[in-house]
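structure.txt follows; it contains compact mmCIF, C-alpha atoms.
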# COMPACT_ATOMS: atom_id res chain seq x y z
CA MET Z 295 28.47 -51.89 -61.16
CA LYS Z 296 24.99 -50.47 -61.63
CA LEU Z 297 21.93 -52.55 -60.74
CA GLU Z 298 18.30 -51.65 -61.26
CA VAL Z 299 15.92 -53.47 -58.92
CA GLY Z 300 12.34 -53.57 -60.15
CA ASN Z 301 10.08 -54.20 -57.15
CA ILE Z 302 6.71 -55.82 -57.76
CA HIS Z 303 4.75 -55.58 -54.52
CA ILE Z 304 2.95 -58.85 -53.84
CA LYS Z 305 -0.25 -58.27 -51.90
CA ASP Z 306 -1.78 -61.73 -52.19
CA LEU Z 307 -0.69 -65.32 -52.76
CA ALA Z 308 -2.97 -68.17 -53.81
CA PHE Z 309 -3.07 -71.61 -55.42
CA GLY Z 310 -4.77 -71.89 -58.80
CA GLN Z 311 -5.05 -73.70 -62.11
CA THR Z 312 -2.34 -71.62 -63.81
CA SER Z 313 0.92 -70.30 -62.42
CA GLU Z 314 0.95 -66.58 -63.18
CA LEU Z 315 1.41 -63.10 -61.82
CA LEU Z 316 -1.88 -61.22 -61.89
CA GLY Z 317 -0.99 -57.64 -61.10
CA ASN Z 318 0.06 -57.79 -57.44
CA LYS Z 319 -1.27 -61.31 -56.86
CA MET Z 320 0.87 -64.41 -57.34
CA VAL Z 321 -0.95 -67.60 -58.29
CA ILE Z 322 0.83 -70.97 -58.08
CA ASN Z 323 -0.21 -74.25 -59.66
CA GLN Z 324 1.01 -76.78 -57.12
CA GLU Z 325 1.30 -79.69 -59.55
CA GLU Z 326 3.39 -77.68 -62.01
CA LEU Z 327 5.84 -76.61 -59.34
CA LYS Z 328 5.98 -80.08 -57.81
CA ALA Z 329 6.71 -81.71 -61.18
CA PHE Z 330 9.50 -79.20 -61.84
CA LEU Z 331 11.19 -79.85 -58.49
CA LEU Z 332 10.82 -83.64 -58.58
CA GLU Z 333 12.46 -83.74 -61.99
CA ILE Z 334 15.53 -81.89 -60.69
CA ASP Z 335 16.41 -84.29 -57.87
CA HIS Z 336 15.09 -87.81 -57.41
CA ARG Z 337 16.19 -87.96 -53.77
CA ILE Z 338 13.05 -86.04 -52.82
CA GLU Z 339 10.59 -88.31 -51.01
CA SER Z 340 7.66 -85.88 -50.87
CA LEU Z 341 6.73 -82.22 -51.31
CA THR Z 342 3.83 -80.42 -49.66
CA PHE Z 343 2.86 -76.80 -50.32
CA ASP Z 344 1.14 -74.40 -47.91
CA ILE Z 345 0.49 -70.68 -47.84
CA ALA Z 346 1.20 -68.62 -44.72
CA GLN Z 347 -0.05 -65.03 -44.82
CA PRO Z 348 0.46 -62.15 -42.37
CA GLY Z 349 -1.86 -62.45 -39.38
CA ASP Z 350 -2.59 -66.15 -39.88
CA SER Z 351 -2.66 -68.34 -36.78
CA THR Z 352 0.17 -70.37 -38.29
CA ARG Z 353 3.51 -71.64 -37.04
CA ILE Z 354 6.27 -72.84 -39.39
CA MET Z 355 9.03 -75.01 -37.94
CA PRO Z 356 11.76 -76.08 -38.20
CA VAL Z 357 12.55 -73.51 -40.91
CA LYS Z 358 15.51 -74.36 -43.15
CA ASP Z 359 15.73 -71.22 -45.30
CA VAL Z 360 13.77 -68.23 -46.55
CA ILE Z 361 14.26 -67.03 -50.14
CA GLU Z 362 12.87 -64.04 -52.04
CA PRO Z 363 11.77 -64.86 -55.63
CA ARG Z 364 13.74 -62.85 -58.19
CA VAL Z 365 14.69 -63.02 -61.86
CA LYS Z 366 17.37 -61.37 -64.00
CA VAL Z 367 15.76 -59.53 -66.92
CA GLU Z 368 18.81 -57.59 -68.17
CA GLY Z 369 22.52 -58.15 -67.77
CA GLU Z 370 24.76 -61.16 -67.28
CA GLY Z 371 24.15 -64.11 -65.01
CA VAL Z 372 21.24 -65.63 -63.16
CA ILE Z 373 19.85 -65.34 -59.65
CA PHE Z 374 21.96 -67.45 -57.29
CA PRO Z 375 24.92 -67.92 -59.66
CA GLY Z 376 26.82 -71.17 -59.27
CA ARG Z 377 23.71 -73.27 -58.71
CA HIS Z 378 24.42 -75.27 -61.86
CA LEU Z 379 27.30 -75.78 -64.27
CA GLY Z 380 27.37 -72.91 -66.76
CA GLN Z 381 25.70 -70.42 -64.42
CA GLU Z 382 28.81 -68.84 -62.92
CA ALA Z 383 28.64 -65.46 -64.68
CA MET Z 384 29.10 -62.38 -62.50
CA VAL Z 385 25.94 -60.68 -61.26
CA GLY Z 386 25.24 -57.22 -59.87
CA GLU Z 387 24.58 -55.34 -63.11
CA GLY Z 388 21.56 -54.82 -65.35
CA ARG Z 389 18.03 -55.21 -64.05
CA THR Z 390 16.48 -57.69 -61.66
CA HIS Z 391 12.78 -58.09 -60.92
CA VAL Z 392 11.87 -58.78 -57.29
CA LEU Z 393 8.61 -60.17 -55.88
CA LYS Z 394 8.68 -57.87 -52.89
CA GLY Z 395 6.57 -58.99 -49.95
CA MET Z 396 6.76 -62.68 -50.86
CA SER Z 397 9.06 -65.52 -49.90
CA VAL Z 398 9.63 -69.23 -50.29
CA ILE Z 399 10.17 -70.97 -46.93
CA THR Z 400 11.52 -74.51 -46.67
CA THR Z 401 10.86 -76.89 -43.79
CA GLY Z 402 10.86 -80.62 -43.12
CA LYS Z 403 12.51 -83.12 -40.81
CA ILE Z 404 15.48 -81.66 -39.02
CA VAL Z 405 19.15 -82.49 -39.66
CA GLY Z 406 20.99 -80.07 -37.39
CA PHE Z 407 19.48 -78.91 -34.10
CA GLN Z 408 19.86 -75.25 -34.97
CA GLU Z 409 16.79 -74.43 -37.02
CA GLY Z 410 14.11 -71.83 -36.40
CA ILE Z 411 10.49 -70.93 -35.75
CA VAL Z 412 8.37 -68.45 -37.73
CA ASP Z 413 5.00 -67.45 -36.25
CA MET Z 414 2.68 -65.48 -38.51
CA SER Z 415 0.84 -63.88 -35.58
CA GLY Z 416 1.15 -63.47 -31.82
CA ALA Z 417 4.22 -62.58 -29.77
CA GLY Z 418 6.65 -64.47 -32.01
CA ALA Z 419 5.58 -62.57 -35.13
CA GLU Z 420 6.99 -59.37 -33.64
CA TYR Z 421 10.50 -60.84 -33.60
CA THR Z 422 10.78 -62.18 -37.14
CA PRO Z 423 10.84 -60.20 -40.40
CA TYR Z 424 9.10 -63.06 -42.23
CA SER Z 425 5.75 -62.70 -40.47
CA VAL Z 426 4.81 -59.75 -42.69
CA LEU Z 427 5.45 -61.68 -45.92
CA HIS Z 428 3.18 -63.79 -48.12
CA ASN Z 429 4.98 -67.11 -47.76
CA LEU Z 430 4.88 -70.20 -49.93
CA VAL Z 431 5.97 -72.91 -47.48
CA ILE Z 432 7.47 -76.09 -48.93
CA THR Z 433 7.66 -79.10 -46.65
CA CYS Z 434 10.37 -81.22 -48.23
CA GLU Z 435 11.08 -84.74 -47.00
CA VAL Z 436 14.02 -86.62 -48.47
CA LYS Z 437 14.57 -90.33 -48.93
CA ASP Z 438 16.00 -92.33 -46.03
CA SER Z 439 18.99 -93.29 -48.18
CA CYS Z 440 20.27 -89.70 -47.96
CA ASN Z 441 22.95 -88.88 -45.43
CA GLN Z 442 22.82 -85.56 -43.59
CA TYR Z 443 24.87 -83.74 -46.23
CA ASP Z 444 22.64 -84.95 -49.08
CA HIS Z 445 19.63 -83.99 -46.96
CA GLU Z 446 20.96 -80.44 -46.58
CA PHE Z 447 21.74 -80.16 -50.29
CA VAL Z 448 18.30 -81.33 -51.38
CA THR Z 449 16.34 -79.03 -49.07
CA ARG Z 450 18.54 -76.07 -49.99
CA MET Z 451 18.17 -76.83 -53.69
CA VAL Z 452 14.38 -77.11 -53.45
CA GLY Z 453 14.04 -73.65 -51.92
CA HIS Z 454 16.30 -71.86 -54.36
CA GLU Z 455 14.97 -73.61 -57.45
CA ALA Z 456 11.37 -72.92 -56.42
CA ALA Z 457 12.16 -69.24 -55.82
CA CYS Z 458 13.79 -68.93 -59.23
CA TRP Z 459 10.87 -70.73 -60.92
CA ILE Z 460 8.39 -68.36 -59.28
CA GLY Z 461 10.57 -65.32 -59.93
CA ASN Z 462 10.61 -66.16 -63.63
CA LEU Z 463 6.83 -65.56 -63.70
CA SER Z 464 7.58 -61.84 -63.24
CA LYS Z 465 10.05 -61.55 -66.11
CA ASP Z 466 7.70 -59.60 -68.39
CA ALA Z 467 5.88 -57.68 -65.65
CA THR Z 468 6.03 -53.92 -65.15
CA PRO Z 469 7.55 -53.13 -61.73
CA ASP Z 470 5.72 -50.91 -59.26
CA GLU Z 471 8.98 -49.09 -58.62
CA ILE Z 472 12.60 -49.21 -59.76
CA GLN Z 473 15.49 -48.59 -57.38
CA THR Z 474 19.01 -48.04 -58.67
CA TYR Z 475 22.21 -49.00 -56.85
CA GLU Z 476 25.67 -48.24 -58.16
CA THR Z 477 29.24 -48.64 -56.98
CA LYS Z 478 32.02 -47.58 -59.33
CA PRO Z 479 35.55 -49.03 -59.62
CA ILE Z 480 37.79 -48.05 -56.69
CA LEU Z 481 39.53 -44.97 -58.12
CA GLU Z 482 36.32 -43.58 -59.64
CA GLN Z 483 34.36 -44.22 -56.46
CA ALA Z 484 36.96 -42.49 -54.28
CA ALA Z 485 36.98 -39.47 -56.59
CA GLN Z 486 33.19 -39.17 -56.70
CA TYR Z 487 32.90 -37.80 -53.15
CA PRO Z 488 36.45 -36.72 -52.19
CA ASN Z 489 35.34 -34.76 -49.13
CA LEU Z 490 33.35 -37.58 -47.52
CA PRO Z 491 34.81 -40.37 -45.36
CA LYS Z 492 35.33 -43.59 -47.30
CA VAL Z 493 33.35 -46.35 -45.60
CA GLY Z 494 33.21 -50.08 -46.31
CA TYR Z 495 31.43 -53.15 -45.02
CA VAL Z 496 33.19 -56.28 -43.71
CA TYR Z 497 30.65 -59.04 -44.33
CA MET Z 498 31.46 -62.00 -42.07
CA LEU Z 499 29.83 -65.24 -43.28
CA GLN Z 500 29.14 -68.34 -41.22
CA SER Z 501 31.53 -71.14 -42.19
CA GLN Z 502 32.49 -72.86 -38.95
CA GLY Z 503 32.26 -76.62 -38.94
CA LEU Z 504 30.00 -79.24 -40.44
CA LEU Z 505 26.63 -78.07 -41.79
CA HIS Z 506 27.61 -74.43 -41.23
CA ASP Z 507 27.85 -73.53 -44.89
CA THR Z 508 27.43 -70.27 -46.77
CA TYR Z 509 27.96 -70.06 -50.51
CA TYR Z 510 29.48 -67.29 -52.63
CA TYR Z 511 28.90 -67.91 -56.35
CA GLY Z 512 28.29 -71.54 -55.42
CA VAL Z 513 31.58 -71.88 -53.50
CA ASP Z 514 31.50 -72.87 -49.82
CA VAL Z 515 33.23 -69.93 -48.13
CA LYS Z 516 35.09 -72.24 -45.72
CA GLY Z 517 37.92 -72.36 -48.22
CA ILE Z 518 38.08 -68.77 -49.43
CA LEU Z 519 40.39 -65.93 -48.52
CA PRO Z 520 38.70 -62.56 -47.91
CA THR Z 521 37.76 -60.97 -51.20
CA LEU Z 522 36.36 -57.72 -52.55
CA MET Z 523 32.76 -57.61 -53.74
CA TYR Z 524 30.56 -54.98 -55.32
CA PRO Z 525 27.58 -54.46 -52.98
CA THR Z 526 25.19 -55.00 -55.87
CA GLU Z 527 26.38 -58.60 -56.19
CA ALA Z 528 24.83 -59.44 -52.82
CA LEU Z 529 21.56 -57.81 -53.86
CA ASP Z 530 21.62 -60.00 -56.97
CA GLY Z 531 21.92 -63.33 -55.15
CA ALA Z 532 25.69 -63.94 -55.09
CA ILE Z 533 25.50 -65.13 -51.46
CA ILE Z 534 23.13 -67.85 -50.27
CA SER Z 535 22.60 -69.61 -46.96
CA GLY Z 536 23.11 -73.29 -46.32
CA ASN Z 537 23.91 -73.32 -42.65
CA CYS Z 538 22.40 -74.66 -39.43
CA VAL Z 539 23.55 -71.95 -37.02
CA SER Z 540 21.11 -70.75 -34.35
CA ALA Z 541 18.03 -69.24 -35.93
CA CYS Z 542 18.49 -65.72 -34.57
CA ASP Z 543 22.08 -65.64 -35.87
CA LYS Z 544 21.29 -67.24 -39.18
CA ASN Z 545 21.31 -64.96 -42.19
CA THR Z 546 18.85 -66.68 -44.50
CA SER Z 547 19.18 -66.26 -48.24
CA TYR Z 548 16.43 -63.62 -47.94
CA ILE Z 549 18.61 -61.55 -45.59
CA HIS Z 550 21.59 -61.83 -47.93
CA GLN Z 551 19.38 -60.70 -50.82
CA ASN Z 552 18.10 -57.78 -48.75
CA SER Z 553 21.19 -57.03 -46.67
CA PRO Z 554 20.03 -54.26 -44.30
CA VAL Z 555 23.61 -53.01 -43.85
CA ILE Z 556 24.18 -52.67 -47.58
CA HIS Z 557 20.81 -50.99 -48.08
CA ASP Z 558 21.46 -48.48 -45.30
CA LEU Z 559 24.97 -47.73 -46.53
CA TYR Z 560 23.55 -47.00 -49.98
CA GLU Z 561 20.85 -44.81 -48.41
CA HIS Z 562 23.44 -42.46 -46.90
CA HIS Z 563 25.96 -42.80 -49.74
CA GLY Z 564 26.90 -39.39 -51.09
CA SER Z 565 25.50 -37.49 -48.13
CA LYS Z 566 27.15 -38.81 -44.95
CA TYR Z 567 29.89 -40.96 -46.44
CA ASN Z 568 31.27 -42.56 -49.58
CA PHE Z 569 30.28 -46.24 -49.63
CA MET Z 570 33.31 -47.87 -51.23
CA GLY Z 571 32.38 -51.55 -51.27
CA VAL Z 572 32.33 -54.85 -49.40
CA ILE Z 573 34.91 -57.32 -48.13
CA VAL Z 574 33.48 -60.84 -47.91
CA THR Z 575 35.21 -62.95 -45.28
CA ASN Z 576 34.64 -66.26 -43.54
CA GLU Z 577 34.63 -67.36 -39.90
CA ASN Z 578 37.29 -69.92 -39.12
CA VAL Z 579 37.88 -72.82 -36.76
CA THR Z 580 41.64 -72.76 -36.18
CA LEU Z 581 43.68 -69.90 -34.77
CA LYS Z 582 45.99 -69.73 -37.77
CA ASP Z 583 43.04 -69.45 -40.15
CA LYS Z 584 41.51 -66.69 -38.03
CA GLU Z 585 44.80 -64.80 -38.06
CA ARG Z 586 45.19 -65.23 -41.82
CA SER Z 587 41.68 -64.09 -42.71
CA SER Z 588 41.68 -61.08 -40.38
CA SER Z 589 45.07 -59.99 -41.77
CA PHE Z 590 43.65 -60.18 -45.29
CA VAL Z 591 40.64 -58.10 -44.20
CA ALA Z 592 42.89 -55.34 -42.84
CA LYS Z 593 45.11 -55.47 -45.92
CA LEU Z 594 42.17 -55.16 -48.35
CA ALA Z 595 40.55 -52.33 -46.35
CA THR Z 596 43.83 -50.42 -46.39
CA GLN Z 597 44.34 -51.15 -50.08
CA MET Z 598 40.84 -49.79 -50.75
CA GLY Z 599 41.68 -46.62 -48.83
CA TRP Z 600 38.80 -46.97 -46.37
CA ASP Z 601 38.55 -44.54 -43.48
CA ALA Z 602 36.00 -46.63 -41.57
CA ALA Z 603 34.37 -50.04 -41.61
CA ILE Z 604 31.20 -51.68 -40.34
CA VAL Z 605 31.80 -55.31 -39.36
CA SER Z 606 28.89 -57.71 -38.84
CA GLU Z 607 29.07 -61.20 -37.35
CA GLU Z 608 27.00 -64.26 -38.24
CA GLY Z 609 26.91 -66.74 -35.40
CA PHE Z 610 28.29 -66.50 -31.87
CA GLY Z 611 30.85 -67.99 -29.52
CA ASN Z 612 33.92 -69.06 -31.47
CA PRO Z 613 33.27 -66.48 -34.26
CA ASP Z 614 33.54 -63.75 -31.62
CA ALA Z 615 37.31 -64.28 -31.89
CA ASP Z 616 37.17 -63.56 -35.64
CA LEU Z 617 35.10 -60.45 -34.91
CA MET Z 618 37.62 -59.12 -32.39
CA MET Z 619 40.60 -59.91 -34.62
CA ASN Z 620 38.97 -57.95 -37.43
CA SER Z 621 38.27 -55.10 -35.03
CA ARG Z 622 41.84 -55.01 -33.69
CA LYS Z 623 43.63 -55.22 -37.02
CA LEU Z 624 41.38 -52.71 -38.77
CA THR Z 625 41.86 -50.29 -35.87
CA GLU Z 626 45.62 -50.79 -35.93
CA ALA Z 627 45.51 -50.02 -39.66
CA GLY Z 628 44.01 -46.63 -38.81
CA LEU Z 629 40.32 -47.24 -39.52
CA LYS Z 630 37.34 -46.29 -37.39
CA VAL Z 631 35.42 -49.51 -36.68
CA VAL Z 632 31.80 -50.23 -35.73
CA LEU Z 633 30.81 -53.80 -34.84
CA MET Z 634 27.36 -55.38 -35.14
CA THR Z 635 26.49 -58.51 -33.17
CA ASP Z 636 23.90 -60.01 -30.89
CA GLU Z 637 24.63 -61.13 -27.35
CA TYR Z 638 24.39 -64.34 -25.32
CA ALA Z 639 24.23 -62.86 -21.85
CA GLY Z 640 22.18 -65.56 -20.12
CA GLN Z 641 18.43 -65.50 -19.58
CA GLY Z 642 18.83 -62.89 -16.85
CA GLY Z 643 21.49 -60.89 -18.69
CA GLU Z 644 24.11 -61.55 -16.03
CA SER Z 645 26.69 -63.42 -18.14
CA GLN Z 646 29.50 -62.21 -20.41
CA SER Z 647 27.71 -61.38 -23.63
CA LEU Z 648 30.53 -62.21 -26.06
CA ALA Z 649 33.11 -64.98 -25.86
CA ASP Z 650 35.94 -62.59 -26.72
CA ALA Z 651 36.67 -58.90 -26.31
CA HIS Z 652 39.27 -56.25 -27.20
CA PRO Z 653 39.72 -52.56 -26.33
CA SER Z 654 39.35 -51.63 -30.01
CA ALA Z 655 35.70 -52.76 -29.82
CA ASP Z 656 34.59 -49.41 -28.43
CA SER Z 657 31.62 -48.94 -30.75
CA VAL Z 658 29.33 -51.96 -30.80
CA VAL Z 659 25.73 -52.18 -31.99
CA THR Z 660 23.82 -54.77 -30.00
CA ASN Z 661 21.07 -56.66 -31.76
CA GLY Z 662 19.64 -58.04 -28.53
CA ASN Z 663 20.14 -60.81 -26.00
CA ALA Z 664 19.46 -64.14 -27.70
CA ASN Z 665 19.01 -65.90 -24.34
CA GLN Z 666 15.92 -63.86 -23.46
CA LEU Z 667 12.93 -66.14 -22.80
CA ILE Z 668 9.64 -65.77 -24.66
CA THR Z 669 6.42 -67.79 -24.64
CA LEU Z 670 4.82 -68.32 -28.03
CA PRO Z 671 1.07 -68.97 -27.95
CA ALA Z 672 -0.45 -72.05 -29.57
CA MET Z 673 -1.33 -71.69 -33.26
CA GLN Z 674 -4.32 -73.17 -35.08
CA LYS Z 675 -2.04 -74.54 -37.81
CA VAL Z 676 1.49 -75.89 -37.66
CA ILE Z 677 3.44 -76.40 -40.88
CA GLY Z 678 6.36 -78.78 -40.44
CA HIS Z 679 7.20 -80.58 -37.21
CA GLN Z 680 6.48 -78.84 -33.90
CA VAL Z 681 7.91 -81.86 -32.03
CA TYR Z 682 11.39 -80.38 -32.47
CA ALA Z 683 10.61 -77.50 -30.07
CA ASP Z 684 12.51 -79.21 -27.23
CA ASN Z 685 15.56 -79.92 -29.40
CA ILE Z 686 16.29 -76.79 -31.41
CA ALA Z 687 18.85 -74.29 -30.16
CA GLY Z 688 17.03 -72.11 -27.65
CA GLY Z 689 14.66 -74.90 -26.67
CA PHE Z 690 14.93 -77.31 -23.75
CA ASP Z 691 13.07 -80.24 -22.20
CA GLY Z 692 9.57 -78.96 -21.61
CA SER Z 693 9.65 -76.10 -24.14
CA LEU Z 694 6.62 -77.54 -25.94
CA HIS Z 695 3.58 -77.38 -23.64
CA SER Z 696 0.53 -79.64 -23.80
CA ASP Z 697 -1.67 -76.80 -25.08
CA GLY Z 698 0.62 -76.21 -28.06
CA SER Z 699 2.35 -73.11 -26.70
CA ILE Z 700 6.16 -73.01 -26.64
CA THR Z 701 8.58 -71.38 -24.21
CA VAL Z 702 12.00 -70.83 -25.80
CA GLU Z 703 14.90 -68.42 -25.90
CA LEU Z 704 14.82 -65.78 -28.63
CA GLN Z 705 17.58 -67.64 -30.46
CA ALA Z 706 14.95 -70.16 -31.58
CA ILE Z 707 13.04 -67.53 -33.58
CA LEU Z 708 14.25 -67.16 -37.17
CA GLY Z 709 15.57 -63.67 -37.75
CA ALA Z 710 14.99 -62.54 -34.17
CA THR Z 711 18.12 -60.42 -34.03
CA CYS Z 712 19.48 -60.25 -37.56
CA GLU Z 713 17.76 -57.02 -38.58
CA LEU Z 714 17.09 -55.13 -35.37
CA GLY Z 715 19.66 -52.37 -35.60
CA PHE Z 716 22.05 -50.31 -37.73
CA HIS Z 717 24.58 -47.87 -36.32
CA ASN Z 718 25.06 -44.39 -37.75
CA LEU Z 719 28.78 -43.83 -38.25
CA THR Z 720 28.52 -40.04 -37.93
CA THR Z 721 29.52 -39.87 -34.27
CA LYS Z 722 32.59 -42.06 -34.55
CA LEU Z 723 33.78 -40.36 -37.74
CA GLY Z 724 33.54 -36.99 -36.02
Full structure transcribed into structure tokens:
Amino acid sequence: MKLEVGNIHIKDLAFGQTSELLGNKMVINQEELKAFLLEIDHRIESLTFDIAQPGDSTRIMPVKDVIEPRVKVEGEGVIFPGRHLGQEAMVGEGRTHVLKGMSVITTGKIVGFQEGIVDMSGAGAEYTPYSVLHNLVITCEVKDSCNQYDHEFVTRMVGHEAACWIGNLSKDATPDEIQTYETKPILEQAAQYPNLPKVGYVYMLQSQGLLHDTYYYGVDVKGILPTLMYPTEALDGAIISGNCVSACDKNTSYIHQNSPVIHDLYEHHGSKYNFMGVIVTNENVTLKDKERSSSFVAKLATQMGWDAAIVSEEGFGNPDADLMMNSRKLTEAGLKVVLMTDEYAGQGGESQSLADAHPSADSVVTNGNANQLITLPAMQKVIGHQVYADNIAGGFDGSLHSDGSITVELQAILGATCELGFHNLTTKLG
């Protein structure tokens, strides 16, 4: 599959009378967007729009999801396939326009306790990738008649539909730059660089338990078996977030759209290694399901002829067992394996950092200790509900101080460890 990504660099975001893209400035008519969203789902109680720009004294919490506005301009499918009946076509080919430097952030009353904080300035801004973006923040409150599952669906839908609506405003624009990504069918890809090691990516998705949902072409990955995916499909919106895992572990839809692992593997493709593709797998609850999925991962990697694999984990604790099973079985199949995960080593770093371990895990990239404490200064503006500071994962009784500052663990900051490191495979491949 060959995908052209046309980046339009957004340098300003404002409200106005007409929704339009003016060069590198996005203008949104609030009433137009509100009417569009209210028509889609009548379980919405209210919608409020705010703009959060880099450097603003603004806090957003609790954050549900972050989405990058995009639109398909050539090729099959739509952004976020599977959102609606009739939109299941494969993606990953053609051309997609991207409003680079902008996002849609959703917030509102909390359902699960594991949501996150985004600060646009101060100490917290250094730990989240979203503080450098021009963010349209949607505070979505749903009707009291909704149960927690309906609540999750509505807030997820609002973010993705708004991002697609905004992305469509760039359909006829001329991109500032065009980047091309291509992965060929297996035999062709292997033959393209026969002298380079064949490397793949095992993409572990959060799927453990209630309200821990990730979607692949609209399908909750709880029920899938590991499957092969062209890397360009992820860049075209095939995977979206819907989960309530701790904020630092949570791959938002924005992260899936901009997968740093996939981008870096493409960057070195053809020079250091031959990037063969992606195995999408879930994280399971029961032992038998863990064994089944990890066996499928090893089988597919062997079938693809990979020499090495990068394995990333979303979440912590119980999923550490899935991570180690993947490591063991891939190693036993003859592959070189590099793992990527964060750690929960206690606030002083004295605890066991992962819940499981195996001798095969001899090359691990740490993305930081999520238990590390940080104090976030008070902000002039809070979008959402700061009252949840004591309740979110990483918070505790007394996290929210009377002056508006917050002391929490890093796991409460959205994106705090999801993008902080990528391991070069050169050393392990020899």
Need to verify the contact set: Ser647 of chain Z, 7 Å, all atoms listed in the file, exclusion of same-chain residues closer than 2 positions in sequence. Can you return it as number ranges by chain? Z: 637-639, 645, 649
Do you have the atom CA of Thr575 of chain Z-atom CA of Val496 of chain Z distance handy?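 According to the coordinates, atom CA of Thr575 of chain Z and atom CA of Val496 of chain Z are separated by 7.1 Å.
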Give me, as CSV, each residue of segment 394-509 of chain Z that comes within 7 Å of segment 532-553 of chain Z, together with its shortest interatomic pair and the distance in Å at one decimal, counting all atoms listed in the file, with rows ordered by chain and rising residue number.
residue,atom,partner,partner_atom,distance
Z:Gly406,CA,Z:Cys538,CA,6.0
Z:Gln408,CA,Z:Ser540,CA,4.7
Z:Glu409,CA,Z:Ala541,CA,5.4
Z:Gly410,CA,Z:Ala541,CA,4.7
Z:Arg450,CA,Z:Gly536,CA,6.5
Z:Leu505,CA,Z:Asn537,CA,5.5
Z:His506,CA,Z:Asn537,CA,4.1
Z:Asp507,CA,Z:Asn537,CA,4.5
Z:Thr508,CA,Z:Ser535,CA,4.9
Z:Tyr509,CA,Z:Ile534,CA,5.3
Problem set entry | 9 Å contact set for segment 476-487 of chain Z, all atoms listed in the file, chain neighbours under 3 positions out, as a list in words |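 Close residues of segment 476-487 of chain Z: Met295, Lys296, Leu297, Glu298, Glu387, Leu490, Pro491, Lys492, Tyr524, Pro525, Thr526, Tyr560, Gly564, Ser565, Tyr567, Asn568, Phe569, Met570, Gly571, Met598 and Gly599 of chain Z.
Nearest to Thr474 of chain Z of all the residues Z:Gly386, Z:Gly453, Z:Gly698, Z:Pro613 is Z:Gly386, counting all atoms listed in the file.
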Quiz item: Skipping near chain neighbours, those fewer than 4 positions away, what residues fall within 12 Å of Glu626 of chain Z using only C-alpha atoms, listed as a PyMOL selection string?
Solution: chain Z and resi 588-589+592-593+595-596+602+619-622+630-631+653-655
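In this model, the gap between atom CA of Asn441 of chain Z and atom CA of Thr342 of chain Z comes to 21.3 Å.
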